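Below is one structure; the comments refer to it alone.
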Amino acid sequence: MNPIVCCRAVFSDNIPSALDTKVIATGFSNNGQDVPTEGQVASLTSSNNFINFCLTVPNLPITNGKQIETGSCNPAPIGVIPSVDKMPSSKFTNPKNGDVISANVPFTIRMAIQNLQTGAFVNAQQNYFSAPQQLNGAGTIIGHSHVVVEQLTSLSQTTPTDPKKFAFFKGLNGVAANGILSADVASGLPAGAYRLCSINASANHQPVIAPIAQHGSLDDCIYFTAGNANTSGNVNAGGAAATSTQAATPATTKANNGENNGANGNRGGRGRFGNNQGGRNRGRGHQ
Ligand SMILES: [Cu+2]
């Protein structure tokens with residue numbers, strides 16, 4: 001007998017289809033209103049870990065690992081949550097908050113990150129949100145990050161941005177080099193004001209989950225300007241910006257494996273999936 005066929009079959013037969021009572025979260029049965037706080041609403045409750053929760057939204061498909069743009073219901077558990085000493089955190093080192101870079105000049109986004117085992121990303125088209133958050137042996141979340149640049153009307157914009165629009169997006173698939181993740185913006189950015197944010201994620205692309213409610217941001221956002229902009233009223237486009245096209249780390253150069261979405265998502269005509277800047281990132285990115 002083919003041992004692979006054999007063992008797959010055995011494994012499949014051993015997958016439990018019933019909820020093991022050892023993993024029932026008994027606290028989920030309490031709606032929280034035994035300790036009322038003004039304005040606090042009752043929690044949904046469950047005595048079976050909400051295993052059939054998605055039956056309550058029969059109009060929605062079950063999240064199936066694809067990026068269902070019209071919405072879905074996800075039956076995967078949140079998964080493993082780290083200790084407070086292992087909460088991820090990041091900070092952009094280039095550009096830095098308030099920087100002015102030259103418009104339409106290539107630059108490299110660099111981000112320092114801690115408490116994330118970087119370099120782990122699953123198939124963004126088949127396994128999106130399809131497994132729980134996991135930790136490594138040191139208790140650190142296993143995952144990766146992303147960066148997204150959104151154009152603003154000005155640095156002082158007060159209206160919320162449209163998450164469907166972005167100027168640049170990239171999954172940072174590589175392992176951090178000396179604690180730094182990086183992404184080349186191969187064509188630079190047109191003149192304007194921008195917000196750059198991280199999206200630190202577990203392997204299945206879900207945003208990282210921390211153990212306590214009151215914590216510092218698990219992500220960074222900084223604001224910068226590309227020169228020649230009138231948006232901030234005082235932008236100097238001249239001279240060399242604090243950027244480099246030669247500073248890509250190995251983590252960046254090997255990160256072109258289908259997860260990296262391109263730029264131009266909000267510059268008209270190219271749609272959400274955009275073109276991949278520089279022609280190097282061939283895959284359709286994850287959003
Ligand atoms: Cu991702």
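Following the order of the structure tokens, first chain is A, next is B, and so on, with residues numbered from 1 inside each chain and ligands from 1 in the order they appear.
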
Nearby polymer residues, ligand 1, at most 8 Å, only C-alpha atoms and all ligand atoms, as a PDB file with N, CA and C atoms, in the first residue's frame:
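out_35.pdb written:
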ATOM      1  N   PHE A 121       4.343  33.419   6.552  1.00  0.00           N
ATOM      2  CA  PHE A 121       3.090  33.840   5.922  1.00  0.00           C
ATOM      3  C   PHE A 121       2.541  32.666   5.129  1.00  0.00           C
ATOM      4  N   VAL A 122       1.244  32.451   5.225  1.00  0.00           N
ATOM      5  CA  VAL A 122       0.605  31.378   4.486  1.00  0.00           C
ATOM      6  C   VAL A 122       0.071  31.924   3.158  1.00  0.00           C
ATOM      7  N   ALA A 124      -1.986  33.577   0.776  1.00  0.00           N
ATOM      8  CA  ALA A 124      -2.977  34.622   1.033  1.00  0.00           C
ATOM      9  C   ALA A 124      -4.252  34.435   0.219  1.00  0.00           C
ATOM     10  N   HIS A 144       4.088  37.812  10.288  1.00  0.00           N
ATOM     11  CA  HIS A 144       4.766  38.687   9.339  1.00  0.00           C
ATOM     12  C   HIS A 144       4.110  40.065   9.463  1.00  0.00           C
ATOM     13  N   SER A 145       4.544  40.998   8.643  1.00  0.00           N
ATOM     14  CA  SER A 145       3.938  42.314   8.700  1.00  0.00           C
ATOM     15  C   SER A 145       3.580  42.784   7.289  1.00  0.00           C
ATOM     16  N   HIS A 146       2.973  43.925   7.250  1.00  0.00           N
ATOM     17  CA  HIS A 146       2.639  44.595   5.997  1.00  0.00           C
ATOM     18  C   HIS A 146       2.836  46.084   6.221  1.00  0.00           C
ATOM     19  N   GLY A 171       3.187  43.154   1.524  1.00  0.00           N
ATOM     20  CA  GLY A 171       3.413  42.197   2.590  1.00  0.00           C
ATOM     21  C   GLY A 171       4.902  42.053   2.811  1.00  0.00           C
ATOM     22  N   LEU A 172       5.308  42.143   4.059  1.00  0.00           N
ATOM     23  CA  LEU A 172       6.739  42.017   4.385  1.00  0.00           C
ATOM     24  C   LEU A 172       7.000  40.561   4.743  1.00  0.00           C
ATOM     25  N   ASN A 173       7.308  39.808   3.738  1.00  0.00           N
ATOM     26  CA  ASN A 173       7.356  38.358   3.908  1.00  0.00           C
ATOM     27  C   ASN A 173       8.664  37.840   4.460  1.00  0.00           C
ATOM     28  N   ALA A 201       0.923  41.099  11.708  1.00  0.00           N
ATOM     29  CA  ALA A 201      -0.049  40.030  11.530  1.00  0.00           C
ATOM     30  C   ALA A 201       0.519  38.683  11.936  1.00  0.00           C
ATOM     31  N   SER A 202      -0.404  37.787  12.240  1.00  0.00           N
ATOM     32  CA  SER A 202      -0.049  36.393  12.432  1.00  0.00           C
ATOM     33  C   SER A 202       0.132  35.738  11.053  1.00  0.00           C
ATOM     34  N   ALA A 203       0.516  34.486  11.059  1.00  0.00           N
ATOM     35  CA  ALA A 203       0.863  33.827   9.794  1.00  0.00           C
ATOM     36  C   ALA A 203      -0.299  33.816   8.804  1.00  0.00           C
ATOM     37  N   ASN A 204      -1.510  33.674   9.306  1.00  0.00           N
ATOM     38  CA  ASN A 204      -2.666  33.634   8.411  1.00  0.00           C
ATOM     39  C   ASN A 204      -3.219  35.021   8.110  1.00  0.00           C
ATOM     40  N   HIS A 205      -2.386  36.017   8.325  1.00  0.00           N
ATOM     41  CA  HIS A 205      -2.634  37.395   7.909  1.00  0.00           C
ATOM     42  C   HIS A 205      -3.584  38.167   8.828  1.00  0.00           C
ATOM     43  N   GLN A 206      -4.070  37.532   9.878  1.00  0.00           N
ATOM     44  CA  GLN A 206      -4.934  38.264  10.802  1.00  0.00           C
ATOM     45  C   GLN A 206      -4.085  39.197  11.653  1.00  0.00           C
ATOM     46  N   GLU A 259       2.925  37.546  -2.597  1.00  0.00           N
ATOM     47  CA  GLU A 259       2.167  38.154  -1.530  1.00  0.00           C
ATOM     48  C   GLU A 259       2.205  39.674  -1.602  1.00  0.00           C
ATOM     49  N   HIS A 286      -2.102  40.168  -1.044  1.00  0.00           N
ATOM     50  CA  HIS A 286      -3.193  40.058  -0.090  1.00  0.00           C
ATOM     51  C   HIS A 286      -3.505  41.448   0.427  1.00  0.00           C
ATOM     52  N   GLN A 287      -4.743  41.636   0.744  1.00  0.00           N
ATOM     53  CA  GLN A 287      -5.218  42.977   1.067  1.00  0.00           C
ATOM     54  C   GLN A 287      -5.094  43.226   2.541  1.00  0.00           C
TER      55      GLN A 287
END

Give the strand (DSSP E) residues of stretch 16-253 of chain A, as assigned by DSSP on the backbone, as a PyMOL selection string.
chain A and resi 89-94+100-101+107-114+143-152+168-172+180-185+192-198+201-202+221-226

Produce a file of the selected residues containing C-alpha atoms, as a CSV table (one decimal), in the first residue's frame.
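Output contents, as saved in out_22.csv:
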chain,number,residue,atom,x,y,z
A,89,SER,CA,5.5,46.5,18.5
A,90,SER,CA,7.0,48.4,15.5
A,91,LYS,CA,8.4,51.7,14.6
A,92,PHE,CA,9.3,53.1,11.2
A,93,THR,CA,12.9,54.1,10.7
A,94,ASN,CA,12.5,55.3,7.2
A,100,VAL,CA,10.0,65.1,3.4
A,101,ILE,CA,11.1,62.8,0.6
A,107,PHE,CA,12.9,54.8,-1.6
A,108,THR,CA,12.9,52.0,0.9
A,109,ILE,CA,10.5,51.7,3.8
A,110,ARG,CA,12.2,50.3,6.8
A,111,MET,CA,10.5,49.3,10.0
A,112,ALA,CA,12.0,48.1,13.3
A,113,ILE,CA,10.0,45.3,14.9
A,114,GLN,CA,10.1,43.4,18.1
A,143,GLY,CA,3.7,35.9,11.6
A,144,HIS,CA,4.8,38.7,9.3
A,145,SER,CA,3.9,42.3,8.7
A,146,HIS,CA,2.6,44.6,6.0
A,147,VAL,CA,3.0,48.2,5.2
A,148,VAL,CA,0.4,50.5,3.6
A,149,VAL,CA,0.8,54.0,2.4
A,150,GLU,CA,-2.3,56.1,2.0
A,151,GLN,CA,-2.4,59.5,0.4
A,152,LEU,CA,-4.0,62.3,2.4
A,168,PHE,CA,1.3,51.5,-1.8
A,169,PHE,CA,0.9,48.1,-0.1
A,170,LYS,CA,3.3,45.3,0.5
A,171,GLY,CA,3.4,42.2,2.6
A,172,LEU,CA,6.7,42.0,4.4
A,180,ILE,CA,14.4,45.6,10.5
A,181,LEU,CA,11.8,44.8,7.9
A,182,SER,CA,12.0,46.6,4.6
A,183,ALA,CA,10.1,47.2,1.4
A,184,ASP,CA,11.2,49.0,-1.8
A,185,VAL,CA,8.9,51.6,-3.2
A,192,GLY,CA,1.6,64.7,-1.7
A,193,ALA,CA,1.0,64.0,1.9
A,194,TYR,CA,1.0,60.5,3.1
A,195,ARG,CA,0.3,58.2,6.1
A,196,LEU,CA,2.4,55.1,6.4
A,197,CYS,CA,1.2,52.3,8.7
A,198,SER,CA,2.2,48.8,9.6
A,201,ALA,CA,0.0,40.0,11.5
A,202,SER,CA,0.0,36.4,12.4
A,221,CYS,CA,1.8,55.0,11.8
A,222,ILE,CA,3.9,57.9,10.6
A,223,TYR,CA,3.1,60.9,8.4
A,224,PHE,CA,5.4,62.2,5.7
A,225,THR,CA,5.4,64.3,2.6
A,226,ALA,CA,6.6,63.7,-0.9

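Separating atom CA of A:Leu44 from atom CA of A:Ala131 is a distance of 22.3 Å.
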
To one decimal in Å, tell me the separation between atom CA of A:Asn104 and atom CA of A:Lys165.
18.8 Å

Excluding same-chain residues fewer than 2 positions from A:Cys73, what lies within 6 Å of it counting only C-alpha atoms, as a ChimeraX atom specification?
/A:54,62-63

With C-alpha atoms retained, write the just-selected residues as a PDB file, in the first residue's frame.
ATOM      1  CA  CYS A  54     -22.055  31.082  11.752  1.00  0.00           C
ATOM      2  CA  ILE A  62     -18.182  30.585   5.670  1.00  0.00           C
ATOM      3  CA  THR A  63     -14.721  32.106   5.489  1.00  0.00           C
TER       4      THR A  63
END

Å distance separating atom CA of A:Ser43 from atom CA of A:Asn30, one decimal place:
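Computing the Euclidean distance for atom CA of A:Ser43 and atom CA of A:Asn30 yields 7.7 Å.
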
Name the closest residue to A:Asn48 among the candidates A:Asn127, A:Thr26, A:Gln33, A:Asn64; distances are taken between atoms, counting only C-alpha atoms.
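Using only C-alpha atoms, the shortest distance to A:Asn48 belongs to A:Thr26.
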
As a list of chain:residue names, please: every residue in stretch 72-260 of chain A that a backbone DSSP assignment puts in alpha helix (DSSP H).
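Output for stretch 72-260 of chain A, alpha helix (DSSP H) only: A:Pro250, A:Ala251, A:Thr252, A:Thr253.
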
Shell around A:Gly137 at 12 Å using only C-alpha atoms, local window under 6 positions removed, as a PDB file with C-alpha atoms, in the first residue's frame:
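Output file part19.pdb follows:
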ATOM      1  CA  VAL A  80      -2.906  31.384  21.060  1.00  0.00           C
ATOM      2  CA  PRO A  82       1.042  35.776  24.024  1.00  0.00           C
ATOM      3  CA  GLN A 117       8.729  35.975  14.641  1.00  0.00           C
TER       4      GLN A 117
END
